[in-house]
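Peer 1: The structure under discussion is supplied below as structure tokens; questions concerning it will follow.
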Amino acid sequence: MARSLTLHPQLLLSHHHPPPLHLHLNPKTHSLTRRSLLLSTSLSIATTPQLSHASPPPPPPPLDTTITDRIYMDFSLCPTTFLPNTNPTLGGPDPSTDLCSESLPLGRLVLGLYGHLVPLTVSNFKSMCSPTSPSSYKNTLVHKIFPGQFFLAGRQGRRDKAEVRPPVDLPRNTEAVDSKAFLLPHSRAGVVSLCLSENDDDEDIKLAPNYRNVEFLITTGPGPCPQLDNKNIIFGTVLEGLDVISAIASIPTYKPAERIRQFNDLAKFLGDERAQNARAIWNRPLKTVYISDCGELKVAKPSLTPSLP
């Protein structure tokens, strides 16, 4: 005969939870057998969820922002409207002469490039900084300035308008479709980035089969530019010349009146192509700012310690 455990009715009523349904309770004696109690305990343990002891995934390795190359860029200011000094054989400004005969030097930037992180972007940028090549950034414009954010340079077009013409053999930048190239943030002044989201090359130029994007931006601060994150490829940082960046950022730009902006927004909403053409002159500097010289700095030990922007 199985031994039984007697439960007082008062205890059953005062317990916060009713007895489990699988317990066989005798309605007359309010007792249950030891076998039933042991079975209930074993089932309860079996159905209790086990806590997971799996360790969290390891963090991703840090991005390699070792500075592998240094580039210098000299910026100058032409206080008046200018006609570029042209060379008939090149069809544009002569790289050996200054773009503006009455230029005012603003200073030099020294850029450190992340050759391990985005080697193809860095290689193309270095190719565009050859001081003797007619396809370099030398004698080309800083064509837009967004106060408190960044400025743009390297817009493609006609050399006689001080715009860039990349060499035909410039490699195609496949890093533009690599998600790893977009992980760094535009967190401070002096971030150098290949311009993708803010690129304003003409559509007919972009549709050319040999089109290569060489437009770049440099953040001016004082704060970050999160609207640029995950949309542009950061490939370097300014090592020297933050005062030059401040001087460029302080140059006045064309700003349309509020009423013109409203009309433009309406025209854009209605699909009028003239709206985009009108916007092309917004944020253009009212004085001519240009890259008067550029090139690579050869140093004994080009690799520096990593420096995140």
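Each chain in the structure tokens gets a letter, A, B and so on, in the order shown; residues start at 1 in every chain, and ligands are counted from 1 in the order they appear.
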Show which residues sit within 12 Å of Pro185 of chain A, as a PyMOL selection string. Count only C-alpha atoms, and ignore same-chain residues fewer than 3 positions away.

Peer 2: chain A and resi 63+181-182+188-193+219+223-237+308-309

Peer 1: Counting only C-alpha atoms, what is within 10 Å of Leu194 of chain A, bar same-chain residues fewer than 3 positions away, as a PyMOL selection string?

Peer 2: chain A and resi 121-122+125+152+154+176+197-199+213-218+231-236

Peer 1: How would you write, as an mmCIF file with all heavy atoms, in the first residue's frame, the set of residues in segment 114-172 of chain A that DSSP gives as strand (DSSP E or B)?

Peer 2:
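The file below, part.cif, is the result:
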```
data_model
loop_
_atom_site.group_PDB
_atom_site.id
_atom_site.type_symbol
_atom_site.label_atom_id
_atom_site.label_comp_id
_atom_site.auth_asym_id
_atom_site.auth_seq_id
_atom_site.Cartn_x
_atom_site.Cartn_y
_atom_site.Cartn_z
ATOM 1 N N THR A 140 42.719 73.492 -60.216
ATOM 2 C CA THR A 140 41.284 73.227 -60.285
ATOM 3 C C THR A 140 40.598 73.823 -59.059
ATOM 4 O O THR A 140 41.231 74.094 -58.034
ATOM 5 C CB THR A 140 40.988 71.717 -60.371
ATOM 6 O OG1 THR A 140 41.511 71.063 -59.208
ATOM 7 C CG2 THR A 140 41.626 71.118 -61.615
ATOM 8 N N LEU A 141 39.295 73.989 -59.159
ATOM 9 C CA LEU A 141 38.551 74.801 -58.200
ATOM 10 C C LEU A 141 38.072 74.021 -56.980
ATOM 11 O O LEU A 141 37.789 72.819 -57.054
ATOM 12 C CB LEU A 141 37.330 75.426 -58.879
ATOM 13 C CG LEU A 141 37.580 76.371 -60.051
ATOM 14 C CD1 LEU A 141 36.254 76.783 -60.669
ATOM 15 C CD2 LEU A 141 38.374 77.593 -59.596
ATOM 16 N N VAL A 142 37.951 74.755 -55.878
ATOM 17 C CA VAL A 142 37.060 74.372 -54.783
ATOM 18 C C VAL A 142 35.710 74.966 -55.162
ATOM 19 O O VAL A 142 35.505 76.173 -55.070
ATOM 20 C CB VAL A 142 37.550 74.917 -53.430
ATOM 21 C CG1 VAL A 142 36.524 74.654 -52.345
ATOM 22 C CG2 VAL A 142 38.891 74.306 -53.063
ATOM 23 N N HIS A 143 34.801 74.146 -55.637
ATOM 24 C CA HIS A 143 33.616 74.683 -56.300
ATOM 25 C C HIS A 143 32.407 74.860 -55.394
ATOM 26 O O HIS A 143 31.454 75.556 -55.766
ATOM 27 C CB HIS A 143 33.234 73.809 -57.498
ATOM 28 C CG HIS A 143 32.902 72.388 -57.144
ATOM 29 N ND1 HIS A 143 33.856 71.430 -56.935
ATOM 30 C CD2 HIS A 143 31.710 71.772 -56.983
ATOM 31 C CE1 HIS A 143 33.273 70.283 -56.655
ATOM 32 N NE2 HIS A 143 31.968 70.459 -56.670
ATOM 33 N N LYS A 144 32.428 74.258 -54.211
ATOM 34 C CA LYS A 144 31.319 74.479 -53.276
ATOM 35 C C LYS A 144 31.820 74.433 -51.840
ATOM 36 O O LYS A 144 32.705 73.640 -51.495
ATOM 37 C CB LYS A 144 30.215 73.439 -53.476
ATOM 38 C CG LYS A 144 29.334 73.698 -54.687
ATOM 39 C CD LYS A 144 28.077 72.855 -54.668
ATOM 40 C CE LYS A 144 27.176 73.193 -55.850
ATOM 41 N NZ LYS A 144 25.928 72.401 -55.839
ATOM 42 N N ILE A 145 31.211 75.306 -51.030
ATOM 43 C CA ILE A 145 31.546 75.362 -49.605
ATOM 44 C C ILE A 145 30.239 75.363 -48.821
ATOM 45 O O ILE A 145 29.363 76.208 -49.052
ATOM 46 C CB ILE A 145 32.355 76.628 -49.259
ATOM 47 C CG1 ILE A 145 33.662 76.663 -50.055
ATOM 48 C CG2 ILE A 145 32.644 76.689 -47.762
ATOM 49 C CD1 ILE A 145 34.431 77.971 -49.901
ATOM 50 N N PHE A 146 30.113 74.423 -47.912
ATOM 51 C CA PHE A 146 28.945 74.345 -47.035
ATOM 52 C C PHE A 146 29.399 74.771 -45.641
ATOM 53 O O PHE A 146 30.065 73.993 -44.949
ATOM 54 C CB PHE A 146 28.371 72.932 -47.020
ATOM 55 C CG PHE A 146 27.841 72.481 -48.356
ATOM 56 C CD1 PHE A 146 28.696 71.938 -49.309
ATOM 57 C CD2 PHE A 146 26.501 72.614 -48.666
ATOM 58 C CE1 PHE A 146 28.216 71.528 -50.539
ATOM 59 C CE2 PHE A 146 26.006 72.208 -49.889
ATOM 60 C CZ PHE A 146 26.873 71.665 -50.830
ATOM 61 N N PHE A 150 31.493 71.130 -44.785
ATOM 62 C CA PHE A 150 32.565 70.606 -45.624
ATOM 63 C C PHE A 150 32.671 71.454 -46.880
ATOM 64 O O PHE A 150 31.810 72.304 -47.160
ATOM 65 C CB PHE A 150 32.290 69.144 -46.009
ATOM 66 C CG PHE A 150 30.981 68.912 -46.699
ATOM 67 C CD1 PHE A 150 30.885 68.949 -48.090
ATOM 68 C CD2 PHE A 150 29.825 68.665 -45.975
ATOM 69 C CE1 PHE A 150 29.681 68.741 -48.738
ATOM 70 C CE2 PHE A 150 28.609 68.458 -46.615
ATOM 71 C CZ PHE A 150 28.540 68.496 -47.995
ATOM 72 N N PHE A 151 33.753 71.238 -47.640
ATOM 73 C CA PHE A 151 33.862 71.850 -48.970
ATOM 74 C C PHE A 151 34.177 70.758 -49.991
ATOM 75 O O PHE A 151 34.700 69.691 -49.655
ATOM 76 C CB PHE A 151 34.897 72.980 -49.007
ATOM 77 C CG PHE A 151 36.320 72.569 -48.792
ATOM 78 C CD1 PHE A 151 37.085 72.023 -49.826
ATOM 79 C CD2 PHE A 151 36.936 72.759 -47.558
ATOM 80 C CE1 PHE A 151 38.407 71.656 -49.636
ATOM 81 C CE2 PHE A 151 38.259 72.393 -47.354
ATOM 82 C CZ PHE A 151 38.996 71.840 -48.399
ATOM 83 N N LEU A 152 33.824 71.033 -51.247
ATOM 84 C CA LEU A 152 33.986 70.088 -52.343
ATOM 85 C C LEU A 152 35.046 70.562 -53.313
ATOM 86 O O LEU A 152 35.155 71.761 -53.589
ATOM 87 C CB LEU A 152 32.666 69.911 -53.108
ATOM 88 C CG LEU A 152 31.461 69.361 -52.344
ATOM 89 C CD1 LEU A 152 30.239 69.335 -53.259
ATOM 90 C CD2 LEU A 152 31.751 67.972 -51.806
ATOM 91 N N ALA A 153 35.798 69.640 -53.878
ATOM 92 C CA ALA A 153 36.788 69.928 -54.922
ATOM 93 C C ALA A 153 36.884 68.711 -55.830
ATOM 94 O O ALA A 153 36.459 67.608 -55.476
ATOM 95 C CB ALA A 153 38.152 70.251 -54.314
ATOM 96 N N GLN A 156 34.415 67.237 -62.163
ATOM 97 C CA GLN A 156 34.859 66.961 -63.527
ATOM 98 C C GLN A 156 34.181 67.900 -64.524
ATOM 99 O O GLN A 156 33.053 68.340 -64.323
ATOM 100 C CB GLN A 156 34.559 65.514 -63.907
ATOM 101 C CG GLN A 156 35.373 64.511 -63.119
ATOM 102 C CD GLN A 156 35.231 63.107 -63.655
ATOM 103 O OE1 GLN A 156 35.248 62.901 -64.866
ATOM 104 N NE2 GLN A 156 35.123 62.138 -62.761
ATOM 105 N N VAL A 164 38.248 69.264 -63.465
ATOM 106 C CA VAL A 164 39.154 68.119 -63.522
ATOM 107 C C VAL A 164 38.835 67.254 -64.738
ATOM 108 O O VAL A 164 37.669 67.067 -65.102
ATOM 109 C CB VAL A 164 39.035 67.280 -62.231
ATOM 110 C CG1 VAL A 164 39.884 66.024 -62.305
ATOM 111 C CG2 VAL A 164 39.444 68.104 -61.024
#
```

Peer 1: Taking only C-alpha atoms into account, name the residue in A:Pro209, A:Asn264, A:Cys100, A:Leu183 that is nearest to Pro60 of chain A.

Peer 2: A:Leu183

Peer 1: When DSSP works through the backbone of this structure, what residues of segment 79-236 of chain A end up as helix (DSSP H, G or I), shown as an MDAnalysis selection string?

Peer 2: chainID A and resid 119:127 159:161 174:177 179:182 203:206 226:228

Peer 1: Calculate how many Å separate atom CA of Ala208 of chain A from atom CA of Ser130 of chain A, rounding to one decimal.

Peer 2: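 One can read the atom CA of Ala208 of chain A to atom CA of Ser130 of chain A distance as 24.0 Å.
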